[in-house]
file final.csv (CSV, C-alpha atoms)
chain,number,residue,atom,x,y,z
T,18,MET,CA,-4.3,13.7,160.9
T,19,ASP,CA,-6.5,10.7,160.4
T,20,ASP,CA,-9.0,10.7,163.2
T,21,GLU,CA,-12.3,9.8,161.6
T,22,LEU,CA,-15.3,8.6,163.5
T,23,VAL,CA,-16.4,5.1,162.5
T,24,LEU,CA,-20.0,4.0,163.4
T,25,ALA,CA,-21.2,0.6,162.5
T,26,GLY,CA,-18.3,0.2,160.1
T,27,GLU,CA,-19.0,3.5,158.3
T,28,LYS,CA,-16.6,6.4,158.3
T,29,LEU,CA,-18.2,9.7,159.1
T,30,GLY,CA,-16.7,13.1,158.3
T,31,SER,CA,-17.9,14.8,161.5
T,32,ARG,CA,-18.1,13.9,165.2
T,33,LEU,CA,-21.2,16.1,165.5
T,34,ILE,CA,-24.5,14.3,165.0
T,35,LEU,CA,-27.4,16.7,164.5
T,36,GLY,CA,-31.0,16.2,165.5
T,37,THR,CA,-33.4,18.1,163.1
T,38,GLY,CA,-36.2,18.5,165.7
T,39,GLY,CA,-37.1,21.9,167.1
T,40,ALA,CA,-36.2,24.0,164.1
T,41,PRO,CA,-38.9,26.6,163.3
T,42,SER,CA,-38.7,26.0,159.6
T,43,MET,CA,-37.2,23.8,156.9
T,44,GLN,CA,-35.0,26.8,156.0
T,45,VAL,CA,-33.4,26.7,159.4
T,46,VAL,CA,-32.8,23.0,159.1
T,47,ASP,CA,-31.1,23.6,155.8
T,48,GLU,CA,-28.9,26.4,157.4
T,49,VAL,CA,-27.9,24.4,160.5
T,50,VAL,CA,-27.1,21.3,158.7
T,51,GLY,CA,-24.8,23.3,156.4
T,52,ALA,CA,-23.2,25.3,159.2
T,53,SER,CA,-22.6,22.3,161.5
T,54,GLY,CA,-20.7,20.2,158.9
T,55,THR,CA,-22.5,17.2,160.2
T,56,ALA,CA,-22.5,13.9,158.3
T,57,LEU,CA,-25.4,12.2,160.2
T,58,CYS,CA,-28.8,13.6,161.2
T,59,THR,CA,-31.7,12.1,163.1
T,60,VAL,CA,-35.3,12.2,161.9
T,61,SER,CA,-38.6,10.9,163.4
T,62,MET,CA,-41.3,8.7,161.9
T,63,ARG,CA,-44.8,10.3,161.9
T,64,ARG,CA,-48.1,10.1,160.1
T,65,VAL,CA,-47.8,11.5,156.5
T,66,ASP,CA,-49.4,14.9,156.1
T,67,PRO,CA,-50.5,15.1,152.4
T,68,THR,CA,-50.7,18.9,152.7
T,69,THR,CA,-47.0,19.5,153.6
T,70,THR,CA,-44.5,20.5,150.9
T,71,GLY,CA,-40.8,19.9,151.1
T,72,SER,CA,-39.2,17.0,153.0
T,73,VAL,CA,-36.5,17.0,155.6
T,74,LEU,CA,-35.1,14.0,153.6
T,75,ASP,CA,-34.6,16.3,150.5
T,76,ILE,CA,-32.6,18.7,152.6
T,77,LEU,CA,-30.4,16.0,154.1
T,78,GLY,CA,-30.0,14.4,150.6
T,79,ARG,CA,-28.8,17.7,149.2
T,80,HIS,CA,-26.2,18.0,151.9
T,81,GLY,CA,-25.0,14.4,151.4
T,82,VAL,CA,-25.9,13.6,155.1
T,83,ARG,CA,-26.7,10.1,156.2
T,84,VAL,CA,-30.1,9.6,157.9
T,85,LEU,CA,-30.5,8.1,161.4
T,86,PRO,CA,-34.2,7.5,162.1
T,87,ASN,CA,-35.3,7.5,165.7
T,88,THR,CA,-38.1,5.9,167.7
T,89,ALA,CA,-38.9,9.1,169.6
T,90,GLY,CA,-42.2,9.0,171.4
T,91,CYS,CA,-42.2,5.2,171.9
T,92,ARG,CA,-43.0,4.0,175.4
T,93,THR,CA,-42.7,0.3,175.0
T,94,ALA,CA,-40.3,-2.1,173.3
T,95,ARG,CA,-43.1,-3.3,171.0
T,96,GLU,CA,-43.8,0.3,169.7
T,97,ALA,CA,-40.1,1.0,169.3
T,98,VAL,CA,-39.4,-2.2,167.3
T,99,LEU,CA,-42.4,-1.6,165.0
T,100,THR,CA,-41.3,2.1,164.5
T,101,ALA,CA,-37.8,1.0,163.6
T,102,GLN,CA,-39.1,-1.6,161.1
T,103,LEU,CA,-41.3,1.0,159.5
T,104,ALA,CA,-38.3,3.4,159.3
T,105,ARG,CA,-36.2,0.7,157.7
T,106,ASP,CA,-38.9,0.1,155.1
T,107,ALA,CA,-39.4,3.8,154.3
T,108,LEU,CA,-35.8,5.0,154.4
T,109,GLU,CA,-33.9,1.9,153.4
T,110,THR,CA,-31.5,2.0,156.3
T,111,ASN,CA,-31.0,-0.5,159.1
T,112,TRP,CA,-29.6,2.1,161.4
T,113,VAL,CA,-31.9,3.2,164.2
T,114,LYS,CA,-31.5,5.6,167.2
T,115,LEU,CA,-33.5,3.6,169.7
T,116,GLU,CA,-35.5,5.8,172.2
T,117,VAL,CA,-37.9,4.3,174.6
T,118,VAL,CA,-38.8,6.9,177.2
T,119,ALA,CA,-40.9,6.5,180.4
T,120,ASP,CA,-42.9,9.7,180.5
T,121,ASP,CA,-43.3,13.2,179.1
T,122,ASP,CA,-42.0,15.1,182.0
T,123,THR,CA,-38.6,13.6,182.2
T,124,LEU,CA,-38.3,11.9,178.8
T,125,LEU,CA,-35.8,9.6,180.6
T,126,PRO,CA,-35.2,6.2,179.0
T,127,ASP,CA,-37.1,3.2,180.4
T,128,ALA,CA,-34.2,0.9,181.0
T,129,VAL,CA,-36.2,-2.3,181.0
T,130,GLU,CA,-38.1,-1.6,177.7
T,131,LEU,CA,-34.9,-0.2,176.1
T,132,LEU,CA,-32.8,-3.3,176.7
T,133,ASP,CA,-35.7,-5.5,175.5
T,134,ALA,CA,-36.1,-3.5,172.3
T,135,ALA,CA,-32.3,-3.4,171.7
T,136,GLU,CA,-32.1,-7.1,171.9
T,137,ARG,CA,-35.0,-7.6,169.5
T,138,LEU,CA,-33.8,-5.1,167.0
T,139,VAL,CA,-30.2,-6.6,167.0
T,140,ALA,CA,-31.8,-10.0,166.3
T,141,ASP,CA,-33.7,-8.5,163.4
T,142,GLY,CA,-30.6,-7.2,161.8
T,143,PHE,CA,-30.6,-3.5,162.9
T,144,GLN,CA,-27.6,-1.4,163.7
T,145,VAL,CA,-28.8,-0.1,167.1
T,146,PHE,CA,-27.8,3.2,168.6
T,147,PRO,CA,-29.5,3.4,172.0
T,148,TYR,CA,-30.3,6.6,173.7
T,149,THR,CA,-29.6,5.6,177.3
T,150,ASN,CA,-29.3,6.8,180.9
T,151,ASP,CA,-25.8,7.9,182.2
T,152,ASP,CA,-25.7,4.4,183.8
T,153,PRO,CA,-22.4,2.5,183.2
T,154,ILE,CA,-24.1,-0.8,183.9
T,155,LEU,CA,-26.9,-0.3,181.5
T,156,ALA,CA,-24.4,0.8,178.9
T,157,ARG,CA,-22.5,-2.4,179.4
T,158,ARG,CA,-25.7,-4.5,179.0
T,159,LEU,CA,-26.6,-2.6,175.8
T,160,GLN,CA,-23.2,-3.5,174.4
T,161,ARG,CA,-23.5,-7.1,175.4
T,162,VAL,CA,-26.7,-7.5,173.4
T,163,GLY,CA,-25.0,-6.1,170.3
T,164,CYS,CA,-25.6,-2.4,170.1
T,165,VAL,CA,-23.1,-0.7,167.8
T,166,ALA,CA,-22.8,2.4,170.0
T,167,VAL,CA,-24.1,3.7,173.4
T,168,MET,CA,-25.5,7.1,173.6
T,169,PRO,CA,-25.8,8.2,177.3
T,170,LEU,CA,-27.6,11.4,178.1
T,171,GLY,CA,-25.8,14.4,179.6
T,172,ALA,CA,-29.1,15.7,181.0
T,173,PRO,CA,-32.8,15.3,180.0
T,174,ILE,CA,-33.7,16.0,176.4
T,175,GLY,CA,-34.1,19.7,175.6
T,176,SER,CA,-33.1,20.7,179.2
T,177,GLY,CA,-29.8,22.4,178.2
T,178,LEU,CA,-28.4,21.5,181.7
T,179,GLY,CA,-25.2,20.1,180.3
T,180,ILE,CA,-23.4,17.1,181.6
T,181,LEU,CA,-24.8,16.4,185.1
T,182,ASN,CA,-22.7,13.4,185.9
T,183,PRO,CA,-19.3,13.6,184.1
T,184,HIS,CA,-18.0,10.9,186.4
T,185,ASN,CA,-20.5,8.4,185.0
T,186,ILE,CA,-19.7,9.4,181.4
T,187,GLU,CA,-16.0,8.8,182.1
T,188,LEU,CA,-16.9,5.4,183.5
T,189,ILE,CA,-18.9,4.5,180.4
T,190,VAL,CA,-16.1,5.7,178.2
T,191,ALA,CA,-13.5,3.8,180.1
T,192,GLU,CA,-15.0,0.4,179.5
T,193,ALA,CA,-16.8,0.9,176.2
T,194,GLU,CA,-15.9,-1.3,173.3
T,195,VAL,CA,-18.1,0.6,171.0
T,196,PRO,CA,-18.3,4.3,170.3
T,197,VAL,CA,-19.8,6.5,173.0
T,198,VAL,CA,-22.0,9.3,171.8
T,199,LEU,CA,-23.1,12.0,174.3
T,200,ASP,CA,-26.8,12.4,173.5
T,201,ALA,CA,-29.1,15.0,175.0
T,202,GLY,CA,-28.8,17.8,177.5
T,203,VAL,CA,-26.3,20.0,175.8
T,204,GLY,CA,-26.9,23.7,176.3
T,205,THR,CA,-23.9,25.4,174.7
T,206,ALA,CA,-20.5,24.8,173.2
T,207,SER,CA,-18.6,24.3,176.5
T,208,ASP,CA,-20.9,21.2,177.2
T,209,VAL,CA,-19.9,19.7,173.9
T,210,ALA,CA,-16.2,20.4,174.5
T,211,LEU,CA,-16.5,18.7,177.9
T,212,ALA,CA,-18.1,15.7,176.4
T,213,MET,CA,-15.3,15.2,174.0
T,214,GLU,CA,-12.6,15.9,176.7
T,215,LEU,CA,-14.2,13.2,178.8
T,216,GLY,CA,-13.5,10.8,175.9
T,217,CYS,CA,-16.8,10.6,174.1
T,218,ASP,CA,-16.4,9.7,170.4
T,219,ALA,CA,-19.2,12.1,169.2
T,220,VAL,CA,-22.0,14.4,170.4
T,221,LEU,CA,-25.6,14.3,169.3
T,222,LEU,CA,-27.7,17.4,169.9
T,223,ALA,CA,-30.7,19.2,168.5
T,224,SER,CA,-32.4,21.8,170.7
T,225,ALA,CA,-29.2,23.6,171.7
T,226,VAL,CA,-28.8,24.5,168.0
T,227,THR,CA,-32.4,24.5,166.6
T,228,ARG,CA,-33.8,26.6,169.4
T,229,ALA,CA,-30.8,29.0,169.8
T,230,GLN,CA,-31.4,32.6,169.0
T,231,GLU,CA,-29.0,32.3,166.0
T,232,PRO,CA,-29.3,28.6,165.1
T,233,ALA,CA,-26.7,28.6,162.3
T,234,MET,CA,-24.2,30.5,164.4
T,235,MET,CA,-24.7,28.0,167.2
T,236,ALA,CA,-24.3,25.1,164.8
T,237,ALA,CA,-20.9,26.5,163.8
T,238,ALA,CA,-20.0,26.9,167.5
T,239,MET,CA,-20.9,23.3,168.2
T,240,SER,CA,-18.8,22.1,165.3
T,241,ALA,CA,-15.8,24.0,166.6
T,242,ALA,CA,-16.3,22.7,170.1
T,243,VAL,CA,-16.4,19.1,168.9
T,244,THR,CA,-13.1,19.6,167.1
T,245,SER,CA,-11.4,21.4,170.0
T,246,GLY,CA,-12.7,19.0,172.7
T,247,ARG,CA,-11.5,16.0,170.6
T,248,LEU,CA,-8.0,17.6,170.1
T,249,ALA,CA,-7.7,18.4,173.8
T,250,ARG,CA,-8.6,14.8,174.7
T,251,ARG,CA,-6.0,13.4,172.4
T,252,ALA,CA,-3.4,16.0,173.5
T,253,GLY,CA,-3.7,14.9,177.1
T,254,ARG,CA,-4.5,17.6,179.7
T,255,ILE,CA,-2.2,18.5,182.6
T,256,PRO,CA,-3.1,16.9,185.9
T,257,ARG,CA,-5.1,19.1,188.4
T,258,ARG,CA,-2.8,20.3,191.3
T,259,GLU,CA,-3.6,21.5,194.7
T,260,HIS,CA,-1.0,24.3,194.6
T,261,ALA,CA,0.4,26.6,191.9
T,262,ARG,CA,3.4,25.6,189.8
T,263,ALA,CA,5.4,28.4,188.2
T,264,SER,CA,5.8,28.3,184.5
T,265,SER,CA,8.6,30.9,184.5
T,266,PRO,CA,12.1,29.8,185.6
T,267,THR,CA,12.6,29.7,189.3
T,268,THR,CA,16.4,29.8,189.0
T,269,GLY,CA,18.5,32.9,188.0
T,270,MET,CA,16.4,35.3,189.9
T,271,ALA,CA,18.2,38.7,190.5
T,272,VAL,CA,18.7,39.9,194.0
T,273,LEU,CA,16.8,43.1,194.0
G,28,MET,CA,-65.7,-1.3,153.0
G,29,ARG,CA,-64.5,1.1,155.7
G,30,VAL,CA,-60.9,1.3,156.9
G,31,THR,CA,-59.2,3.8,159.1
G,32,VAL,CA,-56.2,5.6,157.5
G,33,ASN,CA,-54.1,7.7,159.9
G,34,GLY,CA,-57.0,7.9,162.3
G,35,GLU,CA,-59.6,9.0,159.7
G,36,PRO,CA,-62.4,6.7,158.5
G,37,ARG,CA,-62.2,6.1,154.7
G,38,GLU,CA,-64.5,4.2,152.2
G,39,PHE,CA,-63.0,1.9,149.6
G,40,ASP,CA,-64.4,-0.7,147.2
G,41,GLU,CA,-64.2,-4.3,148.4
G,42,GLY,CA,-60.8,-5.8,147.8
G,43,ALA,CA,-59.0,-2.5,147.4
G,44,THR,CA,-55.2,-3.0,147.7
G,45,LEU,CA,-52.9,-1.1,150.0
G,46,ALA,CA,-51.3,0.4,147.0
G,47,GLU,CA,-54.6,1.9,145.9
G,48,VAL,CA,-55.3,3.3,149.4
G,49,VAL,CA,-51.8,4.9,149.5
G,50,ALA,CA,-52.3,6.4,146.0
G,51,ALA,CA,-55.7,7.8,147.1
G,52,HIS,CA,-54.3,9.4,150.2
G,53,LEU,CA,-50.8,10.7,149.1
G,54,PRO,CA,-49.3,12.5,146.1
G,55,THR,CA,-46.2,10.2,146.4
G,56,ASP,CA,-45.3,7.1,148.2
G,57,LYS,CA,-41.6,8.0,148.3
G,58,GLY,CA,-40.2,7.6,151.8
G,59,VAL,CA,-43.4,6.2,153.1
G,60,ALA,CA,-44.0,3.1,155.2
G,61,ALA,CA,-47.2,1.3,156.1
G,62,ALA,CA,-48.6,-0.7,159.0
G,63,ILE,CA,-51.8,-2.7,159.0
G,64,ASP,CA,-53.3,-3.4,162.4
G,65,GLY,CA,-49.9,-2.9,164.1
G,66,GLU,CA,-47.8,-5.0,161.7
G,67,VAL,CA,-45.4,-3.7,159.0
G,68,ALA,CA,-46.7,-4.1,155.5
G,69,PRO,CA,-43.5,-4.1,153.4
G,70,ARG,CA,-43.5,-1.7,150.4
G,71,GLY,CA,-43.1,-4.6,147.9
G,72,THR,CA,-46.3,-6.2,149.0
G,73,TRP,CA,-48.6,-3.1,148.6
G,74,PRO,CA,-49.9,-4.0,145.2
G,75,THR,CA,-51.0,-7.4,146.3
G,76,VAL,CA,-52.3,-6.8,149.8
G,77,ALA,CA,-56.1,-6.8,149.7
G,78,LEU,CA,-57.6,-4.9,152.6
G,79,ARG,CA,-60.5,-6.0,154.7
G,80,ASP,CA,-63.3,-4.1,156.3
G,81,GLY,CA,-62.4,-2.6,159.7
G,82,GLN,CA,-58.6,-2.6,159.3
G,83,THR,CA,-56.5,0.2,160.7
G,84,ILE,CA,-53.7,1.6,158.4
G,85,GLU,CA,-50.9,3.8,159.5
G,86,LEU,CA,-48.9,5.6,156.8
G,87,LEU,CA,-45.6,7.1,158.1
G,88,THR,CA,-42.8,9.2,156.8
G,89,ALA,CA,-39.7,10.9,158.1
G,90,VAL,CA,-40.1,14.4,159.6
G,91,GLN,CA,-37.9,16.7,161.6
G,92,GLY,CA,-36.9,15.0,164.9
G,93,GLY,CA,-34.3,14.9,167.6
call {"tool": "encode", "arguments": {"input": "final.csv", "output": "structure tokens"}}
result
Amino acid sequence: MDDELVLAGEKLGSRLILGTGGAPSMQVVDEVVGASGTALCTVSMRRVDPTTTGSVLDILGRHGVRVLPNTAGCRTAREAVLTAQLARDALETNWVKLEVVADDDTLLPDAVELLDAAERLVADGFQVFPYTNDDPILARRLQRVGCVAVMPLGAPIGSGLGILNPHNIELIVAEAEVPVVLDAGVGTASDVALAMELGCDAVLLASAVTRAQEPAMMAAAMSAAVTSGRLARRAGRIPRREHARASSPTTGMAVL
Amino acid sequence: MRVTVNGEPREFDEGATLAEVVAAHLPTDKGVAAAIDGEVAPRGTWPTVALRDGQTIELLTAVQGG
């Protein structure tokens, strides 16, 4: 069954994209990357600390996982564009998860800065994966400026609240001409399955795995949920009904 | 001359290159990117970029992140 995810023209062997943030140690990163079966992981760009040993890049390299640098922490289009350019120079990839958030309490995307940054990065040759609000109109605008995917949030980053507006996610999926990646807000496996059942092409999550009590076990759960949700979407669910409908035969009943 | 590297003041000889500053600060330049005064300094230019007094240098690399 050929059902591979294609992002920016590249085939990926998993529909689960894993953020590496929040893990208590490099060992946990190693374990969750392996258990998740992911083919794409996000990293952040930060000041070099000469005293640290071991690099997240080494772990991802060992697992054969592609790297998706993000612009986490950026508040303006200018900061995000510069961070993406630095990531491209350091990591030799023109893929970028574009994050431009408004404040620390909500970590919600700043739509105006996000769209501005997306337009500038596309013009500079980047493959732009924007982390965006669950706003169908903003998703449409991001596609129009040339983003290769749209990544609406289910709920605020790290909140674990799940998918707060499934209707909007369905609207985004319905008109999307690029892959839709549910990004942020996932708390547990049922949230991932729902995202895929709503028609998302992939799910990106970090905290739900890296901060779980058993991170590697949760990574395996998320992997299974992506697969089962995707299969359920393709299989076509039964319509919801107001009243019951017997599945046993209603004819041939004995008179007792 | 005095430049600021990742927020810390550092002394270098006049005309020191960005490559020399990176080598003095880090054991390896693998996976590292540099910005000078808020502009990207592409890796290929490091050996030829002569720094000036008062400049601000940021050296970044990939770390764990969502």
call {"tool": "closest_atom_pairs", "arguments": {"input": "final.csv", "of": "chain T", "to": "chain G", "cutoff": "6 Å", "atoms": "all atoms listed in the file", "output": "JSON lines"}}
result
{"residue": "T:Gly36", "atom": "CA", "partner": "G:Gly93", "partner_atom": "CA", "distance": 4.1}
{"residue": "T:Thr37", "atom": "CA", "partner": "G:Gln91", "partner_atom": "CA", "distance": 4.9}
{"residue": "T:Gly38", "atom": "CA", "partner": "G:Gly92", "partner_atom": "CA", "distance": 3.7}
{"residue": "T:Thr59", "atom": "CA", "partner": "G:Gly93", "partner_atom": "CA", "distance": 5.9}
{"residue": "T:Val60", "atom": "CA", "partner": "G:Gly92", "partner_atom": "CA", "distance": 4.4}
{"residue": "T:Ser61", "atom": "CA", "partner": "G:Gly92", "partner_atom": "CA", "distance": 4.7}
{"residue": "T:Met62", "atom": "CA", "partner": "G:Ala89", "partner_atom": "CA", "distance": 4.7}
{"residue": "T:Arg63", "atom": "CA", "partner": "G:Leu87", "partner_atom": "CA", "distance": 5.0}
{"residue": "T:Arg64", "atom": "CA", "partner": "G:Leu87", "partner_atom": "CA", "distance": 4.4}
{"residue": "T:Val65", "atom": "CA", "partner": "G:Leu87", "partner_atom": "CA", "distance": 5.2}
{"residue": "T:Pro67", "atom": "CA", "partner": "G:Leu53", "partner_atom": "CA", "distance": 5.5}
{"residue": "T:Val73", "atom": "CA", "partner": "G:Val90", "partner_atom": "CA", "distance": 6.0}
{"residue": "T:Leu103", "atom": "CA", "partner": "G:Ala60", "partner_atom": "CA", "distance": 5.5}
{"residue": "T:Asp106", "atom": "CA", "partner": "G:Ala60", "partner_atom": "CA", "distance": 5.9}
{"residue": "T:Ala107", "atom": "CA", "partner": "G:Gly58", "partner_atom": "CA", "distance": 4.6}
{"residue": "T:Leu108", "atom": "CA", "partner": "G:Gly58", "partner_atom": "CA", "distance": 5.7}
{"residue": "T:Ala223", "atom": "CA", "partner": "G:Gly93", "partner_atom": "CA", "distance": 5.7}
call {"tool": "atom_distance", "arguments": {"input": "final.csv", "atom1": "CA of Asp133 in chain T", "atom2": "CA of Arg158 in chain T"}}
result
10.6 Å
call {"tool": "residues_around", "arguments": {"input": "final.csv", "residues": "range 75-84 of chain T", "least_positions_apart": "6", "cutoff": "8 Å", "atoms": "all atoms listed in the file", "output": "short mmCIF file (atom, residue, chain, number, x, y, z; two decimals) with C-alpha atoms, in the frame of the given file"}}
result
data_model
loop_
_atom_site.label_atom_id
_atom_site.label_comp_id
_atom_site.auth_asym_id
_atom_site.auth_seq_id
_atom_site.Cartn_x
_atom_site.Cartn_y
_atom_site.Cartn_z
CA VAL T 46 -32.80 23.00 159.10
CA ASP T 47 -31.10 23.60 155.80
CA VAL T 50 -27.10 21.30 158.70
CA GLY T 51 -24.80 23.30 156.40
CA THR T 55 -22.50 17.20 160.20
CA ALA T 56 -22.50 13.90 158.30
CA LEU T 57 -25.40 12.20 160.20
CA CYS T 58 -28.80 13.60 161.20
CA THR T 59 -31.70 12.10 163.10
CA VAL T 60 -35.30 12.20 161.90
CA THR T 110 -31.50 2.00 156.30
#
call {"tool": "residues_around", "arguments": {"input": "final.csv", "residues": "Ala46 in chain G", "least_positions_apart": "3", "cutoff": "6 Å", "atoms": "all atoms listed in the file", "output": "PyMOL selection string"}}
result
chain G and resi 49+73-74
call {"tool": "residues_around", "arguments": {"input": "final.csv", "residues": "Ala128 in chain T", "least_positions_apart": "4", "cutoff": "10 Å", "atoms": "all atoms listed in the file", "output": "short mmCIF file (atom, residue, chain, number, x, y, z; two decimals) with C-alpha atoms, in the frame of the given file"}}
result
data_model
loop_
_atom_site.label_atom_id
_atom_site.label_comp_id
_atom_site.auth_asym_id
_atom_site.auth_seq_id
_atom_site.Cartn_x
_atom_site.Cartn_y
_atom_site.Cartn_z
CA VAL T 117 -37.90 4.30 174.60
CA VAL T 118 -38.80 6.90 177.20
CA ALA T 119 -40.90 6.50 180.40
CA LEU T 132 -32.80 -3.30 176.70
CA ASP T 133 -35.70 -5.50 175.50
CA ALA T 134 -36.10 -3.50 172.30
CA THR T 149 -29.60 5.60 177.30
CA ASN T 150 -29.30 6.80 180.90
CA ASP T 152 -25.70 4.40 183.80
CA LEU T 155 -26.90 -0.30 181.50
CA LEU T 159 -26.60 -2.60 175.80
#
call {"tool": "atom_distance", "arguments": {"input": "final.csv", "atom1": "CA of Asp40 in chain G", "atom2": "CA of Thr70 in chain T"}}
result
29.3 Å
call {"tool": "atom_distance", "arguments": {"input": "final.csv", "atom1": "CA of Asn87 in chain T", "atom2": "CA of Val76 in chain G"}}
result
27.3 Å
call {"tool": "residues_around", "arguments": {"input": "final.csv", "residues": "Gly177 in chain T", "least_positions_apart": "6", "cutoff": "9 Å", "atoms": "all atoms listed in the file", "output": "PyMOL selection string"}}
result
chain T and resi 201-205+224-225
call {"tool": "closest_residue", "arguments": {"input": "final.csv", "among": "T:Ala193, T:Gly163, T:Glu130, T:Leu221", "to": "Lys114 in chain T", "atoms": "only C-alpha atoms"}}
result
T:Leu221
call {"tool": "closest_residue", "arguments": {"input": "final.csv", "among": "G:Leu78, G:Ala50, G:Ile63, G:Leu45", "to": "Arg29 in chain G", "atoms": "only C-alpha atoms"}}
result
G:Leu78
